[in-house]
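Asks: Pasting in a structure now, in structure tokens, and then I'll have a few things to ask.
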Amino acid sequence: MYGDGLFETVRVVKGIAPLWEYHCKRLIKGCEKLKIETDDKLIERLWSGLNRVIEIAGTKSDTCIVKLIISRGAGGRGYQVPEQSTATEVVICYPAPSYSSTHPSEGVNVTTCRYRLSENSYLAGIKHLNRLDQVLASSEVPKSSSEGIMLDQRGRLIEGTKSNILFFGDGEIVSPATDLCGVDGVARDFVFLNAQELGLSARFERVLPSAIHQFEGMAVTNSVLGIWPVRQMDGALLPISPLVYDIQRLFNEKLMFEYKV
């Protein structure tokens, strides 16, 4: 009930989780941050659980979403961590979401949320279970928008309610720094680690909304939707960078997406 745990949302395609290593790395980092005790068989158990649930759900030959949840486990009243506890591990299978076929090619509309992210540098980056910031911000997003954009307490761009943000310049990818708040997304990590394959450099930066016009385009990305260009933000039209389609080709090749590019 205290949000004392972590989760990962894993896209599985025909029994393969293309970003599995990235999810595991973030999960282990989160357990260390929250001081949730695990053992060296954790990842093996989660992988076994993933395969079991997709088989039971009948999605072994399809694309589905598997949610991995780790909480500290049962405890008594109050906030004090029990001297002895056993982590609870939950694995759930969901159908893959259905998105408009035009989002990857024609881009999406996004809206800046009034609700701002809480800042905590210790918890920044990990995907802990306390997602109240995202819940409250998502309630503001109109049906005409595909994503809500969240700012930090100083009014700087950080992320979407369910995605990371990428900006494109002359031969480079720029993403808002998430060292004070926000989630270090596994899709963004993949893009940054593979940027050289596209002949690009990648860096983090503090980005104010007023600086968006300095870039050649904007996109949102996560491990489930892949990458979508942003066509309109708060009613203002934005250019679509061709680099988005280069990343989509990379996702097709290495992450088993099926973009028509």
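Residue names in the structure tokens use chain letters A, B, ... in the order shown, residue numbers from 1 in each chain, and ligand numbers from 1 in the order shown.
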Please identify all polymer residues within 12 Å of A:Leu132, counting only C-alpha atoms, omitting same-chain residues fewer than 5 positions from it, and present them as a list in words.
Replies: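 What passes the distance filter is Tyr2, Gly3, Tyr115, Arg116, Leu117, Ser118, Ala137, Ser138, Ser139 and Thr161 of chain A.
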Asks: Can you spit out the residues from that selection as a PDB file, in the first residue's frame, using C-alpha atoms?
Replies:
ATOM      1  CA  TYR A   2       3.040   2.301   0.250  1.00  0.00           C
ATOM      2  CA  GLY A   3       4.219   1.930  -3.339  1.00  0.00           C
ATOM      3  CA  TYR A 115       0.547  18.789 -12.840  1.00  0.00           C
ATOM      4  CA  ARG A 116       4.323  18.643 -12.390  1.00  0.00           C
ATOM      5  CA  LEU A 117       6.631  15.810 -11.439  1.00  0.00           C
ATOM      6  CA  SER A 118       7.807  15.461  -7.859  1.00  0.00           C
ATOM      7  CA  ALA A 137      -1.143  14.109 -14.976  1.00  0.00           C
ATOM      8  CA  SER A 138      -2.878  11.551 -17.214  1.00  0.00           C
ATOM      9  CA  SER A 139      -6.268  12.712 -15.962  1.00  0.00           C
ATOM     10  CA  THR A 161       3.178  10.266 -18.726  1.00  0.00           C
TER      11      THR A 161
END
Asks: I'd like the neighbourhood of A:Ser61 as a list of chain:residue names, where a residue qualifies if any of its atoms comes within 12 Å (using only C-alpha atoms), though same-chain residues fewer than 4 positions away should be ignored.
Replies: A:Val12, A:Val13, A:Lys14, A:Gly15, A:Ile16, A:Asn51, A:Ile54, A:Glu55, A:Ile56, A:Ala57
Asks: Could those selected residues go to a file with N, CA and C atoms, as a JSON list (two decimals), in the first residue's frame?
Replies:
[["chain", "number", "residue", "atom", "x", "y", "z"],
["A", 12, "VAL", "N", 6.54, -8.67, -25.44],
["A", 12, "VAL", "CA", 6.98, -10.01, -25.83],
["A", 12, "VAL", "C", 6.43, -10.33, -27.21],
["A", 13, "VAL", "N", 7.31, -10.72, -28.11],
["A", 13, "VAL", "CA", 6.92, -11.02, -29.50],
["A", 13, "VAL", "C", 7.29, -12.47, -29.80],
["A", 14, "LYS", "N", 6.28, -13.31, -29.98],
["A", 14, "LYS", "CA", 6.49, -14.72, -30.30],
["A", 14, "LYS", "C", 7.46, -15.37, -29.32],
["A", 15, "GLY", "N", 7.24, -15.09, -28.04],
["A", 15, "GLY", "CA", 8.05, -15.70, -26.99],
["A", 15, "GLY", "C", 9.39, -15.03, -26.75],
["A", 16, "ILE", "N", 9.68, -13.96, -27.48],
["A", 16, "ILE", "CA", 10.96, -13.25, -27.33],
["A", 16, "ILE", "C", 10.69, -11.88, -26.73],
["A", 51, "ASN", "N", 7.33, -16.89, -19.35],
["A", 51, "ASN", "CA", 6.98, -17.94, -20.31],
["A", 51, "ASN", "C", 5.73, -18.70, -19.90],
["A", 54, "ILE", "N", 2.52, -16.40, -20.63],
["A", 54, "ILE", "CA", 2.16, -16.23, -22.04],
["A", 54, "ILE", "C", 1.64, -17.54, -22.63],
["A", 55, "GLU", "N", 2.12, -18.66, -22.08],
["A", 55, "GLU", "CA", 1.59, -19.96, -22.54],
["A", 55, "GLU", "C", 0.16, -20.16, -22.05],
["A", 56, "ILE", "N", -0.10, -19.83, -20.79],
["A", 56, "ILE", "CA", -1.45, -19.97, -20.24],
["A", 56, "ILE", "C", -2.43, -19.05, -20.96],
["A", 57, "ALA", "N", -1.94, -17.83, -21.29],
["A", 57, "ALA", "CA", -2.81, -16.85, -21.97],
["A", 57, "ALA", "C", -2.99, -17.15, -23.45]]
Asks: Just checking: using only C-alpha atoms, which residue out of A:Leu237, A:Ile227, A:Arg72, A:Leu46 ends up closest to A:Asn252?
Replies: A:Ile227
Asks: Quick one: residues within 9 Å of A:Asp152, only C-alpha atoms counted, chain neighbours fewer than 2 positions away excluded, as a list in words?
Replies: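 Those residues are Arg116, Leu117, Ser118, Glu119, Met150, Arg154, Gly155, Arg156, Leu157, Ile158, Leu180, Cys181 and Gly182 of chain A.
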Asks: Give the answer as one residue: which of A:Leu123, A:Val81, A:Glu44, A:Leu19 has the shortest atom-to-atom distance to A:Glu32, using only C-alpha atoms?
Replies: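 Looking only at the distances to A:Glu32, the closest residue turns out to be A:Leu123.
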Asks: List as a list of chain:residue names the protein and nucleic acid residues near A:Val230, meaning an atom at most 10 Å away when only C-alpha atoms are counted, but skip any in the same chain fewer than 3 places from it.
Replies: A:His103, A:Pro104, A:Glu106, A:Gly107, A:Val108, A:Asn109, A:Val110, A:Ser146, A:Glu147, A:Ile165, A:Leu166, A:Phe167, A:Gly217, A:Met218, A:Ala219, A:Val220, A:Ile227, A:Met233, A:Leu237, A:Leu238, A:Pro239, A:Ile240, A:Ser241, A:Val244
Asks: Run DSSP on the backbone of this structure and report the residues of stretch 59-189 of chain A it assigns to alpha helix (DSSP H), as a list in words.
Replies: His103, Pro104, Ser105, Glu106, Leu132, Asp133, Gln134, Val135, Leu136, Ala137, Ser138, Val186, Ala187, Arg188 and Asp189 of chain A
Asks: Would you mind exporting N, CA and C atoms of the selected residues as a CSV table (one decimal), in the first residue's frame?
Replies:
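In the end it all went to selection.csv:
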chain,number,residue,atom,x,y,z
A,103,HIS,N,-0.1,6.7,-36.2
A,103,HIS,CA,0.8,7.4,-35.2
A,103,HIS,C,2.3,7.3,-35.6
A,104,PRO,N,2.8,6.2,-36.0
A,104,PRO,CA,4.2,6.1,-36.3
A,104,PRO,C,4.6,6.9,-37.5
A,105,SER,N,3.7,7.1,-38.5
A,105,SER,CA,4.1,7.7,-39.7
A,105,SER,C,3.7,9.2,-39.7
A,106,GLU,N,2.5,9.5,-39.3
A,106,GLU,CA,2.0,10.9,-39.4
A,106,GLU,C,2.3,11.7,-38.1
A,132,LEU,N,1.7,8.1,-8.7
A,132,LEU,CA,0.6,9.1,-8.5
A,132,LEU,C,0.8,10.3,-9.4
A,133,ASP,N,2.1,10.7,-9.6
A,133,ASP,CA,2.4,11.8,-10.5
A,133,ASP,C,1.8,11.5,-11.9
A,134,GLN,N,2.0,10.3,-12.4
A,134,GLN,CA,1.6,10.0,-13.7
A,134,GLN,C,0.0,9.8,-13.8
A,135,VAL,N,-0.5,9.3,-12.7
A,135,VAL,CA,-2.0,9.1,-12.7
A,135,VAL,C,-2.7,10.5,-12.7
A,136,LEU,N,-2.2,11.4,-11.9
A,136,LEU,CA,-2.8,12.7,-11.9
A,136,LEU,C,-2.6,13.5,-13.1
A,137,ALA,N,-1.4,13.4,-13.7
A,137,ALA,CA,-1.1,14.1,-15.0
A,137,ALA,C,-2.0,13.5,-16.1
A,138,SER,N,-2.1,12.2,-16.1
A,138,SER,CA,-2.9,11.6,-17.2
A,138,SER,C,-4.3,12.0,-17.2
A,186,VAL,N,13.7,2.1,-21.0
A,186,VAL,CA,14.6,1.1,-21.7
A,186,VAL,C,14.7,1.3,-23.2
A,187,ALA,N,13.6,1.8,-23.8
A,187,ALA,CA,13.6,2.1,-25.2
A,187,ALA,C,14.6,3.3,-25.5
A,188,ARG,N,14.5,4.3,-24.6
A,188,ARG,CA,15.5,5.4,-24.7
A,188,ARG,C,16.9,4.9,-24.6
A,189,ASP,N,17.1,4.1,-23.6
A,189,ASP,CA,18.5,3.5,-23.4
A,189,ASP,C,19.0,2.8,-24.6
Asks: May I ask for the distance between atom CA of A:Arg249 and atom CA of A:Glu21, given in Å to one decimal place?
Replies: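 Atom-to-atom, atom CA of A:Arg249 to atom CA of A:Glu21, that is 20.7 Å.
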Asks: Pick out the residues sitting within 9 Å of A:Ala96, and hand them over as a PDB file with all heavy atoms, in the first residue's frame; count only C-alpha atoms, and ignore anything fewer than 3 positions along from it in its own chain.
Replies:
ATOM      1  N   ARG A  11       7.426  -5.971 -23.467  1.00  0.00           N
ATOM      2  CA  ARG A  11       6.812  -6.361 -24.743  1.00  0.00           C
ATOM      3  C   ARG A  11       7.425  -7.688 -25.176  1.00  0.00           C
ATOM      4  O   ARG A  11       8.638  -7.832 -25.280  1.00  0.00           O
ATOM      5  CB  ARG A  11       7.063  -5.279 -25.792  1.00  0.00           C
ATOM      6  CG  ARG A  11       6.586  -5.618 -27.196  1.00  0.00           C
ATOM      7  CD  ARG A  11       6.778  -4.410 -28.116  1.00  0.00           C
ATOM      8  NE  ARG A  11       6.651  -4.777 -29.521  1.00  0.00           N
ATOM      9  CZ  ARG A  11       7.661  -5.173 -30.287  1.00  0.00           C
ATOM     10  NH1 ARG A  11       8.878  -5.261 -29.776  1.00  0.00           N
ATOM     11  NH2 ARG A  11       7.464  -5.483 -31.553  1.00  0.00           N
ATOM     12  N   VAL A  12       6.539  -8.671 -25.441  1.00  0.00           N
ATOM     13  CA  VAL A  12       6.978 -10.010 -25.829  1.00  0.00           C
ATOM     14  C   VAL A  12       6.427 -10.327 -27.213  1.00  0.00           C
ATOM     15  O   VAL A  12       5.227 -10.199 -27.462  1.00  0.00           O
ATOM     16  CB  VAL A  12       6.498 -11.067 -24.811  1.00  0.00           C
ATOM     17  CG1 VAL A  12       6.999 -12.445 -25.206  1.00  0.00           C
ATOM     18  CG2 VAL A  12       6.977 -10.709 -23.402  1.00  0.00           C
ATOM     19  N   ASP A  62       2.096 -14.775 -30.402  1.00  0.00           N
ATOM     20  CA  ASP A  62       1.633 -13.426 -30.721  1.00  0.00           C
ATOM     21  C   ASP A  62       2.486 -12.383 -29.992  1.00  0.00           C
ATOM     22  O   ASP A  62       3.463 -12.699 -29.333  1.00  0.00           O
ATOM     23  CB  ASP A  62       0.165 -13.255 -30.304  1.00  0.00           C
ATOM     24  CG  ASP A  62      -0.742 -14.268 -30.970  1.00  0.00           C
ATOM     25  OD1 ASP A  62      -0.583 -14.488 -32.179  1.00  0.00           O
ATOM     26  OD2 ASP A  62      -1.584 -14.850 -30.261  1.00  0.00           O
ATOM     27  N   THR A  63       2.070 -11.120 -30.125  1.00  0.00           N
ATOM     28  CA  THR A  63       2.666 -10.038 -29.351  1.00  0.00           C
ATOM     29  C   THR A  63       1.789  -9.769 -28.141  1.00  0.00           C
ATOM     30  O   THR A  63       0.569  -9.640 -28.263  1.00  0.00           O
ATOM     31  CB  THR A  63       2.784  -8.754 -30.198  1.00  0.00           C
ATOM     32  OG1 THR A  63       3.630  -9.016 -31.325  1.00  0.00           O
ATOM     33  CG2 THR A  63       3.387  -7.621 -29.377  1.00  0.00           C
ATOM     34  N   CYS A  64       2.392  -9.702 -26.974  1.00  0.00           N
ATOM     35  CA  CYS A  64       1.647  -9.430 -25.748  1.00  0.00           C
ATOM     36  C   CYS A  64       2.511  -8.586 -24.817  1.00  0.00           C
ATOM     37  O   CYS A  64       3.679  -8.308 -25.103  1.00  0.00           O
ATOM     38  CB  CYS A  64       1.229 -10.721 -25.062  1.00  0.00           C
ATOM     39  SG  CYS A  64       2.619 -11.764 -24.531  1.00  0.00           S
ATOM     40  N   ILE A  65       1.937  -8.171 -23.708  1.00  0.00           N
ATOM     41  CA  ILE A  65       2.636  -7.376 -22.713  1.00  0.00           C
ATOM     42  C   ILE A  65       2.655  -8.154 -21.404  1.00  0.00           C
ATOM     43  O   ILE A  65       1.613  -8.623 -20.941  1.00  0.00           O
ATOM     44  CB  ILE A  65       1.943  -6.020 -22.492  1.00  0.00           C
ATOM     45  CG1 ILE A  65       1.786  -5.275 -23.821  1.00  0.00           C
ATOM     46  CG2 ILE A  65       2.718  -5.191 -21.477  1.00  0.00           C
ATOM     47  CD1 ILE A  65       3.081  -4.986 -24.539  1.00  0.00           C
ATOM     48  N   VAL A 224       6.852  -0.302 -25.405  1.00  0.00           N
ATOM     49  CA  VAL A 224       5.640  -0.904 -25.960  1.00  0.00           C
ATOM     50  C   VAL A 224       5.243  -0.257 -27.288  1.00  0.00           C
ATOM     51  O   VAL A 224       5.000  -0.938 -28.281  1.00  0.00           O
ATOM     52  CB  VAL A 224       4.473  -0.810 -24.948  1.00  0.00           C
ATOM     53  CG1 VAL A 224       3.182  -1.329 -25.570  1.00  0.00           C
ATOM     54  CG2 VAL A 224       4.799  -1.602 -23.695  1.00  0.00           C
TER      55      VAL A 224
END
Asks: Name the residues in contact with A:Asn222 at a cut-off of 6 Å, using only C-alpha atoms, excluding same-chain residues fewer than 3 positions from it; report them as a list in words.
Replies: Ser163, Ala187, Leu225 and Gly226 of chain A
Asks: So which bits of stretch 153-205 of chain A end up strand (DSSP E or B) when you DSSP the backbone, as a PyMOL selection string?
Replies: chain A and resi 157-160+164-169+172-176+183+201-205
Asks: Go ahead and write the selection's residues with C-alpha atoms as an mmCIF file, in the first residue's frame.
Replies:
data_model
loop_
_atom_site.group_PDB
_atom_site.id
_atom_site.type_symbol
_atom_site.label_atom_id
_atom_site.label_comp_id
_atom_site.auth_asym_id
_atom_site.auth_seq_id
_atom_site.Cartn_x
_atom_site.Cartn_y
_atom_site.Cartn_z
ATOM 1 C CA LEU A 157 10.533 19.234 -19.992
ATOM 2 C CA ILE A 158 11.166 15.778 -18.526
ATOM 3 C CA GLU A 159 9.030 13.003 -20.057
ATOM 4 C CA GLY A 160 5.605 11.870 -21.155
ATOM 5 C CA ASN A 164 10.520 9.424 -22.711
ATOM 6 C CA ILE A 165 11.055 12.423 -24.967
ATOM 7 C CA LEU A 166 13.592 12.660 -27.791
ATOM 8 C CA PHE A 167 14.586 15.788 -29.693
ATOM 9 C CA PHE A 168 16.543 15.794 -32.932
ATOM 10 C CA GLY A 169 19.207 18.220 -34.074
ATOM 11 C CA GLU A 172 22.309 14.250 -32.736
ATOM 12 C CA ILE A 173 19.608 13.033 -30.391
ATOM 13 C CA VAL A 174 18.846 15.011 -27.235
ATOM 14 C CA SER A 175 16.708 13.781 -24.337
ATOM 15 C CA PRO A 176 15.717 15.665 -21.185
ATOM 16 C CA VAL A 183 12.042 7.302 -15.519
ATOM 17 C CA SER A 201 25.536 11.294 -31.187
ATOM 18 C CA ALA A 202 23.241 11.287 -28.140
ATOM 19 C CA ARG A 203 23.213 13.430 -25.011
ATOM 20 C CA PHE A 204 21.064 14.579 -22.097
ATOM 21 C CA GLU A 205 20.172 18.227 -21.571
#
Asks: Just the number, please: distance in Å from atom CA of A:Gly30 to atom CA of A:Leu6, one decimal.
Replies: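 For atom CA of A:Gly30 relative to atom CA of A:Leu6, the distance reads 6.8 Å.
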Asks: Please, what distance in Å, to one decimal, runs between atom CA of A:His23 and atom CA of A:Glu83?
Replies: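 Taking atom CA of A:His23 and atom CA of A:Glu83, their separation equals 28.3 Å.
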Asks: Might you pull out every residue within 12 Å of A:Ala87, with only C-alpha atoms counted and same-chain residues fewer than 6 positions away left off, and present them as a PDB file with all heavy atoms, in the first residue's frame?
Replies:
ATOM      1  N   ASP A   4       5.803   0.480  -2.263  1.00  0.00           N
ATOM      2  CA  ASP A   4       7.131  -0.014  -1.898  1.00  0.00           C
ATOM      3  C   ASP A   4       7.505  -1.196  -2.785  1.00  0.00           C
ATOM      4  O   ASP A   4       7.487  -2.356  -2.366  1.00  0.00           O
ATOM      5  CB  ASP A   4       7.109  -0.427  -0.419  1.00  0.00           C
ATOM      6  CG  ASP A   4       8.486  -0.764   0.109  1.00  0.00           C
ATOM      7  OD1 ASP A   4       9.470  -0.461  -0.574  1.00  0.00           O
ATOM      8  OD2 ASP A   4       8.563  -1.326   1.213  1.00  0.00           O
ATOM      9  N   GLY A   5       7.820  -0.890  -4.034  1.00  0.00           N
ATOM     10  CA  GLY A   5       8.157  -1.943  -4.975  1.00  0.00           C
ATOM     11  C   GLY A   5       8.476  -1.364  -6.337  1.00  0.00           C
ATOM     12  O   GLY A   5       8.572  -0.150  -6.517  1.00  0.00           O
ATOM     13  N   LEU A   6       8.592  -2.261  -7.297  1.00  0.00           N
ATOM     14  CA  LEU A   6       9.003  -1.890  -8.647  1.00  0.00           C
ATOM     15  C   LEU A   6       8.207  -2.673  -9.664  1.00  0.00           C
ATOM     16  O   LEU A   6       7.614  -3.707  -9.346  1.00  0.00           O
ATOM     17  CB  LEU A   6      10.494  -2.198  -8.839  1.00  0.00           C
ATOM     18  CG  LEU A   6      11.433  -1.576  -7.821  1.00  0.00           C
ATOM     19  CD1 LEU A   6      12.557  -2.531  -7.508  1.00  0.00           C
ATOM     20  CD2 LEU A   6      11.982  -0.253  -8.328  1.00  0.00           C
ATOM     21  N   CYS A  31      15.807  -2.510  -7.210  1.00  0.00           N
ATOM     22  CA  CYS A  31      15.839  -3.305  -5.972  1.00  0.00           C
ATOM     23  C   CYS A  31      16.954  -2.830  -5.050  1.00  0.00           C
ATOM     24  O   CYS A  31      16.779  -2.759  -3.823  1.00  0.00           O
ATOM     25  CB  CYS A  31      16.024  -4.791  -6.298  1.00  0.00           C
ATOM     26  SG  CYS A  31      14.550  -5.596  -6.989  1.00  0.00           S
ATOM     27  N   LEU A  34      15.860   0.551  -3.461  1.00  0.00           N
ATOM     28  CA  LEU A  34      14.824   0.404  -2.443  1.00  0.00           C
ATOM     29  C   LEU A  34      15.212  -0.576  -1.344  1.00  0.00           C
ATOM     30  O   LEU A  34      14.438  -0.801  -0.418  1.00  0.00           O
ATOM     31  CB  LEU A  34      13.512  -0.051  -3.092  1.00  0.00           C
ATOM     32  CG  LEU A  34      12.890   0.895  -4.120  1.00  0.00           C
ATOM     33  CD1 LEU A  34      11.524   0.381  -4.551  1.00  0.00           C
ATOM     34  CD2 LEU A  34      12.776   2.314  -3.580  1.00  0.00           C
ATOM     35  N   LYS A  35      16.395  -1.174  -1.492  1.00  0.00           N
ATOM     36  CA  LYS A  35      16.890  -2.147  -0.509  1.00  0.00           C
ATOM     37  C   LYS A  35      15.927  -3.324  -0.349  1.00  0.00           C
ATOM     38  O   LYS A  35      15.649  -3.784   0.764  1.00  0.00           O
ATOM     39  CB  LYS A  35      17.162  -1.467   0.842  1.00  0.00           C
ATOM     40  CG  LYS A  35      18.231  -0.380   0.771  1.00  0.00           C
ATOM     41  CD  LYS A  35      18.460   0.271   2.124  1.00  0.00           C
ATOM     42  CE  LYS A  35      19.635   1.240   2.085  1.00  0.00           C
ATOM     43  NZ  LYS A  35      19.471   2.334   1.094  1.00  0.00           N
ATOM     44  N   ILE A  36      15.413  -3.777  -1.484  1.00  0.00           N
ATOM     45  CA  ILE A  36      14.593  -4.991  -1.509  1.00  0.00           C
ATOM     46  C   ILE A  36      15.525  -6.169  -1.744  1.00  0.00           C
ATOM     47  O   ILE A  36      16.222  -6.226  -2.766  1.00  0.00           O
ATOM     48  CB  ILE A  36      13.523  -4.918  -2.613  1.00  0.00           C
ATOM     49  CG1 ILE A  36      12.519  -3.807  -2.299  1.00  0.00           C
ATOM     50  CG2 ILE A  36      12.810  -6.264  -2.768  1.00  0.00           C
ATOM     51  CD1 ILE A  36      11.462  -3.601  -3.376  1.00  0.00           C
ATOM     52  N   GLU A  37      15.556  -7.079  -0.808  1.00  0.00           N
ATOM     53  CA  GLU A  37      16.480  -8.214  -0.903  1.00  0.00           C
ATOM     54  C   GLU A  37      16.001  -9.215  -1.947  1.00  0.00           C
ATOM     55  O   GLU A  37      14.844  -9.628  -1.961  1.00  0.00           O
ATOM     56  CB  GLU A  37      16.626  -8.890   0.460  1.00  0.00           C
ATOM     57  CG  GLU A  37      17.309  -8.020   1.503  1.00  0.00           C
ATOM     58  CD  GLU A  37      17.612  -8.780   2.781  1.00  0.00           C
ATOM     59  OE1 GLU A  37      17.500 -10.029   2.754  1.00  0.00           O
ATOM     60  OE2 GLU A  37      17.952  -8.143   3.787  1.00  0.00           O
ATOM     61  N   THR A  38      16.913  -9.581  -2.833  1.00  0.00           N
ATOM     62  CA  THR A  38      16.625 -10.590  -3.855  1.00  0.00           C
ATOM     63  C   THR A  38      17.761 -11.620  -3.835  1.00  0.00           C
ATOM     64  O   THR A  38      18.714 -11.494  -3.072  1.00  0.00           O
ATOM     65  CB  THR A  38      16.530  -9.946  -5.252  1.00  0.00           C
ATOM     66  OG1 THR A  38      17.781  -9.323  -5.583  1.00  0.00           O
ATOM     67  CG2 THR A  38      15.433  -8.906  -5.295  1.00  0.00           C
ATOM     68  N   ASP A  39      17.657 -12.621  -4.675  1.00  0.00           N
ATOM     69  CA  ASP A  39      18.737 -13.597  -4.772  1.00  0.00           C
ATOM     70  C   ASP A  39      19.172 -13.716  -6.232  1.00  0.00           C
ATOM     71  O   ASP A  39      18.594 -13.094  -7.118  1.00  0.00           O
ATOM     72  CB  ASP A  39      18.309 -14.960  -4.210  1.00  0.00           C
ATOM     73  CG  ASP A  39      17.057 -15.503  -4.903  1.00  0.00           C
ATOM     74  OD1 ASP A  39      16.974 -15.402  -6.143  1.00  0.00           O
ATOM     75  OD2 ASP A  39      16.171 -16.022  -4.209  1.00  0.00           O
ATOM     76  N   LEU A  42      16.586 -14.525  -9.162  1.00  0.00           N
ATOM     77  CA  LEU A  42      15.433 -13.669  -9.440  1.00  0.00           C
ATOM     78  C   LEU A  42      15.120 -13.598 -10.926  1.00  0.00           C
ATOM     79  O   LEU A  42      13.981 -13.841 -11.339  1.00  0.00           O
ATOM     80  CB  LEU A  42      15.687 -12.259  -8.894  1.00  0.00           C
ATOM     81  CG  LEU A  42      14.640 -11.203  -9.294  1.00  0.00           C
ATOM     82  CD1 LEU A  42      13.291 -11.534  -8.671  1.00  0.00           C
ATOM     83  CD2 LEU A  42      15.106  -9.805  -8.890  1.00  0.00           C
ATOM     84  N   ILE A  69       6.166  -7.447 -11.401  1.00  0.00           N
ATOM     85  CA  ILE A  69       6.027  -6.620 -10.198  1.00  0.00           C
ATOM     86  C   ILE A  69       6.808  -7.267  -9.053  1.00  0.00           C
ATOM     87  O   ILE A  69       6.675  -8.467  -8.808  1.00  0.00           O
ATOM     88  CB  ILE A  69       4.553  -6.475  -9.782  1.00  0.00           C
ATOM     89  CG1 ILE A  69       3.716  -5.885 -10.929  1.00  0.00           C
ATOM     90  CG2 ILE A  69       4.429  -5.590  -8.532  1.00  0.00           C
ATOM     91  CD1 ILE A  69       2.220  -5.906 -10.658  1.00  0.00           C
ATOM     92  N   ILE A  70       7.614  -6.469  -8.387  1.00  0.00           N
ATOM     93  CA  ILE A  70       8.313  -6.931  -7.190  1.00  0.00           C
ATOM     94  C   ILE A  70       8.005  -5.954  -6.064  1.00  0.00           C
ATOM     95  O   ILE A  70       8.260  -4.749  -6.196  1.00  0.00           O
ATOM     96  CB  ILE A  70       9.834  -7.002  -7.401  1.00  0.00           C
ATOM     97  CG1 ILE A  70      10.163  -8.031  -8.488  1.00  0.00           C
ATOM     98  CG2 ILE A  70      10.540  -7.370  -6.096  1.00  0.00           C
ATOM     99  CD1 ILE A  70      11.647  -8.173  -8.747  1.00  0.00           C
ATOM    100  N   SER A  71       7.426  -6.448  -4.980  1.00  0.00           N
ATOM    101  CA  SER A  71       7.204  -5.606  -3.802  1.00  0.00           C
ATOM    102  C   SER A  71       8.001  -6.179  -2.636  1.00  0.00           C
ATOM    103  O   SER A  71       8.454  -7.333  -2.681  1.00  0.00           O
ATOM    104  CB  SER A  71       5.714  -5.540  -3.452  1.00  0.00           C
ATOM    105  OG  SER A  71       5.277  -6.767  -2.905  1.00  0.00           O
ATOM    106  N   ARG A  72       8.137  -5.377  -1.595  1.00  0.00           N
ATOM    107  CA  ARG A  72       8.953  -5.822  -0.461  1.00  0.00           C
ATOM    108  C   ARG A  72       8.333  -7.034   0.236  1.00  0.00           C
ATOM    109  O   ARG A  72       9.021  -7.834   0.856  1.00  0.00           O
ATOM    110  CB  ARG A  72       9.124  -4.677   0.541  1.00  0.00           C
ATOM    111  CG  ARG A  72      10.201  -4.956   1.577  1.00  0.00           C
ATOM    112  CD  ARG A  72      10.401  -3.779   2.499  1.00  0.00           C
ATOM    113  NE  ARG A  72      10.685  -2.562   1.779  1.00  0.00           N
ATOM    114  CZ  ARG A  72      11.880  -2.216   1.322  1.00  0.00           C
ATOM    115  NH1 ARG A  72      12.902  -3.032   1.494  1.00  0.00           N
ATOM    116  NH2 ARG A  72      12.055  -1.076   0.689  1.00  0.00           N
ATOM    117  N   GLY A  73       7.016  -7.168   0.134  1.00  0.00           N
ATOM    118  CA  GLY A  73       6.348  -8.290   0.780  1.00  0.00           C
ATOM    119  C   GLY A  73       5.489  -7.825   1.942  1.00  0.00           C
ATOM    120  O   GLY A  73       5.325  -6.632   2.189  1.00  0.00           O
ATOM    121  N   ALA A  74       4.936  -8.776   2.669  1.00  0.00           N
ATOM    122  CA  ALA A  74       4.023  -8.465   3.772  1.00  0.00           C
ATOM    123  C   ALA A  74       4.774  -7.859   4.954  1.00  0.00           C
ATOM    124  O   ALA A  74       5.919  -8.206   5.238  1.00  0.00           O
ATOM    125  CB  ALA A  74       3.291  -9.732   4.207  1.00  0.00           C
ATOM    126  N   GLY A  75       4.093  -6.924   5.619  1.00  0.00           N
ATOM    127  CA  GLY A  75       4.674  -6.298   6.804  1.00  0.00           C
ATOM    128  C   GLY A  75       3.574  -5.856   7.743  1.00  0.00           C
ATOM    129  O   GLY A  75       2.382  -5.993   7.450  1.00  0.00           O
ATOM    130  N   VAL A  81      10.630  -0.815   7.898  1.00  0.00           N
ATOM    131  CA  VAL A  81      10.853  -2.042   7.127  1.00  0.00           C
ATOM    132  C   VAL A  81      11.031  -3.210   8.092  1.00  0.00           C
ATOM    133  O   VAL A  81      11.804  -3.104   9.063  1.00  0.00           O
ATOM    134  CB  VAL A  81      12.109  -1.903   6.244  1.00  0.00           C
ATOM    135  CG1 VAL A  81      12.415  -3.214   5.534  1.00  0.00           C
ATOM    136  CG2 VAL A  81      11.919  -0.774   5.239  1.00  0.00           C
TER     137      VAL A  81
END
Asks: Hey, which of A:Phe251, A:Phe7, A:Trp47, A:Phe192 ends up closest to A:Ile28? Count only C-alpha atoms.
Replies: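 Closest to A:Ile28, using only C-alpha atoms: A:Phe7.
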